[in-house]
Structure formats: structure tokens, C-alpha cells
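> This is the content of protein_35.pdb (PDB, C-alpha atoms and all ligand atoms):
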```
ATOM      1  CA  MET A1479       0.000   0.000   0.000  1.00  0.00           C
ATOM      2  CA  PHE A1480       1.155   3.479  -0.848  1.00  0.00           C
ATOM      3  CA  TRP A1481       1.164   4.968   2.629  1.00  0.00           C
ATOM      4  CA  VAL A1482       3.642   2.393   3.920  1.00  0.00           C
ATOM      5  CA  PHE A1483       6.384   4.188   2.011  1.00  0.00           C
ATOM      6  CA  MET A1484       5.635   7.565   3.469  1.00  0.00           C
ATOM      7  CA  GLU A1485       7.286   8.936   6.546  1.00  0.00           C
ATOM      8  CA  LYS A1486       5.157   8.892   9.666  1.00  0.00           C
ATOM      9  CA  PHE A1487       6.550  11.879  11.514  1.00  0.00           C
ATOM     10  CA  GLY A1488       7.637  15.336  10.595  1.00  0.00           C
ATOM     11  CA  ILE A1489       8.969  18.548  12.038  1.00  0.00           C
ATOM     12  CA  ILE A1490       7.297  21.841  11.303  1.00  0.00           C
ATOM     13  CA  VAL A1491       7.996  25.406  12.297  1.00  0.00           C
ATOM     14  CA  CYS A1492       4.913  27.238  13.479  1.00  0.00           C
ATOM     15  CA  PRO A1493       4.413  30.145  11.036  1.00  0.00           C
ATOM     16  CA  ASN A1494       2.869  32.147  13.836  1.00  0.00           C
ATOM     17  CA  CYS A1495       5.399  31.857  16.685  1.00  0.00           C
ATOM     18  CA  ARG A1496       8.381  30.080  14.988  1.00  0.00           C
ATOM     19  CA  LYS A1497       8.455  27.222  17.494  1.00  0.00           C
ATOM     20  CA  VAL A1498       9.549  23.848  16.137  1.00  0.00           C
ATOM     21  CA  LYS A1499       7.053  21.073  16.633  1.00  0.00           C
ATOM     22  CA  ALA A1500       6.829  17.348  15.925  1.00  0.00           C
ATOM     23  CA  VAL A1501       3.781  16.244  13.975  1.00  0.00           C
ATOM     24  CA  ASN A1502       2.201  12.980  13.012  1.00  0.00           C
ATOM     25  CA  LEU A1503       1.997  13.245   9.226  1.00  0.00           C
ATOM     26  CA  SER A1504      -1.195  11.211   9.055  1.00  0.00           C
ATOM     27  CA  VAL A1505      -3.172  14.109  10.510  1.00  0.00           C
ATOM     28  CA  LYS A1506      -4.317  17.056   8.433  1.00  0.00           C
ATOM     29  CA  LYS A1507      -4.295  19.642  11.152  1.00  0.00           C
ATOM     30  CA  THR A1508      -2.399  20.187  14.345  1.00  0.00           C
ATOM     31  CA  LYS A1509      -2.437  22.746  17.085  1.00  0.00           C
ATOM     32  CA  CYS A1510       0.667  24.664  18.081  1.00  0.00           C
ATOM     33  CA  PHE A1511       1.389  23.901  21.736  1.00  0.00           C
ATOM     34  CA  ASN A1512       2.959  27.315  22.133  1.00  0.00           C
ATOM     35  CA  CYS A1513       0.531  29.814  20.582  1.00  0.00           C
ATOM     36  CA  ASN A1514      -2.495  27.516  20.255  1.00  0.00           C
ATOM     37  CA  LYS A1515      -2.926  28.308  16.569  1.00  0.00           C
ATOM     38  CA  THR A1516      -4.438  25.584  14.411  1.00  0.00           C
ATOM     39  CA  LEU A1517      -2.016  24.692  11.644  1.00  0.00           C
ATOM     40  CA  ASP A1518      -3.034  23.149   8.341  1.00  0.00           C
ATOM     41  CA  LEU A1519      -0.254  20.674   7.482  1.00  0.00           C
ATOM     42  CA  LYS A1520      -0.903  21.136   3.770  1.00  0.00           C
ATOM     43  CA  LYS A1521       0.039  24.796   4.093  1.00  0.00           C
ATOM     44  CA  THR A1522       2.888  24.310   6.531  1.00  0.00           C
ATOM     45  CA  VAL A1523       6.417  23.558   5.399  1.00  0.00           C
ATOM     46  CA  ILE A1524       7.657  20.248   6.786  1.00  0.00           C
ATOM     47  CA  ILE A1525      11.342  20.767   7.386  1.00  0.00           C
ATOM     48  CA  TYR A1526      12.190  17.179   8.278  1.00  0.00           C
ATOM     49  CA  LYS A1527      10.562  13.780   7.875  1.00  0.00           C
ATOM     50  CA  SER A1528      11.278  10.418   9.411  1.00  0.00           C
ATOM     51  CA  ASN A1529       9.705   7.119  10.334  1.00  0.00           C
ATOM     52  CA  SER A1530      11.454   7.138  13.674  1.00  0.00           C
ATOM     53  CA  ARG A1531       9.800   8.986  16.542  1.00  0.00           C
ATOM     54  CA  GLN A1532      13.133   8.903  18.371  1.00  0.00           C
ATOM     55  CA  GLU A1533      14.918  10.531  15.445  1.00  0.00           C
ATOM     56  CA  ILE A1534      12.313  13.301  15.363  1.00  0.00           C
ATOM     57  CA  THR A1535      12.651  13.849  19.108  1.00  0.00           C
ATOM     58  CA  ASN A1536      16.443  14.025  18.833  1.00  0.00           C
ATOM     59  CA  ALA A1537      16.272  16.364  15.851  1.00  0.00           C
ATOM     60  CA  ILE A1538      13.902  18.696  17.714  1.00  0.00           C
ATOM     61  CA  GLY A1539      16.202  18.688  20.718  1.00  0.00           C
ATOM     62  CA  LEU A1540      19.074  19.711  18.458  1.00  0.00           C
ATOM     63  CA  LEU A1541      17.011  22.368  16.695  1.00  0.00           C
ATOM     64  CA  ASN A1542      15.835  23.885  19.958  1.00  0.00           C
ATOM     65  CA  ALA A1543      19.389  23.884  21.252  1.00  0.00           C
ATOM     66  CA  GLU A1544      20.630  25.530  18.067  1.00  0.00           C
ATOM     67  CA  LEU A1545      17.861  28.144  18.098  1.00  0.00           C
ATOM     68  CA  ASP A1546      18.564  28.971  21.713  1.00  0.00           C
ATOM     69  CA  GLY A1547      22.270  29.223  20.969  1.00  0.00           C
ATOM     70  CA  ASN A1548      23.000  26.431  23.428  1.00  0.00           C
ATOM     71  CA  LEU A1549      24.128  23.776  20.992  1.00  0.00           C
ATOM     72  CA  GLU A1550      27.787  23.893  21.958  1.00  0.00           C
ATOM     73  CA  LYS A1551      26.835  23.807  25.622  1.00  0.00           C
ATOM     74  CA  PHE A1552      24.644  20.736  25.039  1.00  0.00           C
ATOM     75  CA  LYS A1553      27.430  18.997  23.134  1.00  0.00           C
ATOM     76  CA  ASN A1554      29.845  19.701  25.961  1.00  0.00           C
ATOM     77  CA  ILE A1555      27.450  18.361  28.553  1.00  0.00           C
ATOM     78  CA  LEU A1556      26.963  15.167  26.549  1.00  0.00           C
ATOM     79  CA  LYS A1557      30.603  14.737  25.573  1.00  0.00           C
ATOM     80  CA  ASN A1558      31.789  13.076  28.743  1.00  0.00           C
ATOM     81  CA  LYS A1559      28.625  11.178  29.545  1.00  0.00           C
ATOM     82  CA  LYS A1560      28.050   7.523  28.864  1.00  0.00           C
ATOM     83  CA  PHE A1561      24.491   6.374  28.297  1.00  0.00           C
ATOM     84  CA  TYR A1562      24.870   2.715  29.008  1.00  0.00           C
TER      85      TYR A1562
HETATM   86 ZN    ZN B1601       2.800  28.653  17.339  1.00  0.00          ZN
END
```
The structure given in the file should be rewritten as C-alpha cells.
Ligand SMILES: [Zn+2]

Amino acid sequence: MFWVFMEKFGIIVCPNCRKVKAVNLSVKKTKCFNCNKTLDLKKTVIIYKSNSRQEITNAIGLLNAELDGNLEKFKNILKNKKFY
């Protein structure tokens, strides 16, 4: 079936408040958690797509860090940590 080949998750930037947000691409509309605006996915640019929810979450974390100017700080914090 066609939809199997499509990515399940995406990242959008709210055109109203510029917050990045994860979306389920099977829905047509989503609400911005920040400004509460209803966003039509057809009219919103999807900046990233993936089938992995984890990948989307990680990408959003990175984007938020980058937008806040904290990316280098985050990298430094993670550099000496072991996650196992
Ligand atoms: Zn918004």
C-alpha cells in the first residue's frame, strides 16, 4: 500500500510563533502547543521527515538547542557522559 512508504513523523515550524514542533503526518491539522494556533499541514512547510519517533525527538532537541544558541553547551554536557 502506498502509505507504507511515506514517513510517519515530521517537524514543522509554526508560522505564527516560529516554534519547532513534531507532527504525526497522518493528521491534516495540528495545534501549536505554544501559541495555540491551528495549523493546516498542507500549508505548513515540513522541514524534516522520518519514520522514527526517536529521530524526530532528537532532531527537535538539536534544533531547539541551536535556536537557543545552546548547541555547543549541550554537546559539551553530553561529551563526557556515557548512556549505558
Ligand atoms: Zn505557534
> Pick out the residues no farther than 8 Å from ligand ZN 1601 (chain B), counting all atoms listed in the file, and list them as a ChimeraX atom specification.
/A:1491-1497,1509-1515
> For Met1484 in chain A, which residue among A:Val1523, A:Ile1534, A:Leu1549, A:Leu1503 is the nearest when counting all atoms listed in the file?
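Counting all atoms listed in the file, the residue closest to Met1484 in chain A is A:Leu1503.
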> At a cut-off of 12 Å, using all atoms listed in the file, what residues contact Val1505 in chain A? Leave out same-chain residues fewer than 6 positions from it and give the result as a PDB file with C-alpha atoms, in the coordinates of the input.

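Resulting contents of selection03.pdb:
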```
ATOM      1  CA  LYS A1486       5.157   8.892   9.666  1.00  0.00           C
ATOM      2  CA  PHE A1487       6.550  11.879  11.514  1.00  0.00           C
ATOM      3  CA  GLY A1488       7.637  15.336  10.595  1.00  0.00           C
ATOM      4  CA  LEU A1517      -2.016  24.692  11.644  1.00  0.00           C
ATOM      5  CA  ASP A1518      -3.034  23.149   8.341  1.00  0.00           C
ATOM      6  CA  LEU A1519      -0.254  20.674   7.482  1.00  0.00           C
ATOM      7  CA  LYS A1520      -0.903  21.136   3.770  1.00  0.00           C
TER       8      LYS A1520
END
```
> Suppose you want the space between CA of Leu1541 in chain A and CA of Ile1489 in chain A; what is it in Å?
10.0 Å
> What does the PyMOL selection byres (((chain A and resi 1499) around 6) and not hetatm) select in this file, as a list of chain:residue names?
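Selection result, ordered by chain and number: A:Ile1489, A:Ile1490, A:Val1498, A:Ala1500.
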> Between CA of Glu1533 in chain A and CA of Leu1545 in chain A, measure the distance and give it in Å to one decimal.
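Taking CA of Glu1533 in chain A as the start and CA of Leu1545 in chain A as the end point, the length is 18.1 Å.
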> What is the CA of Arg1531 in chain A to CA of Lys1506 in chain A distance in Å?
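These two atoms are separated by 18.2 Å.
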> Taking into account only C-alpha atoms, which residue in the set A:Asn1554, A:Asn1542, A:Asn1536, A:Asn1502 is nearest to Ile1524 in chain A?
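Checking each candidate against Ile1524 in chain A, we get A:Asn1502 as the closest.
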> Which residue gives the smallest distance to Ser1504 in chain A among A:Thr1535, A:Asn1558, A:Asn1529, A:Asn1548, with only C-alpha atoms counted?
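Nearest candidate to Ser1504 in chain A out of A:Thr1535, A:Asn1558, A:Asn1529, A:Asn1548: A:Asn1529.
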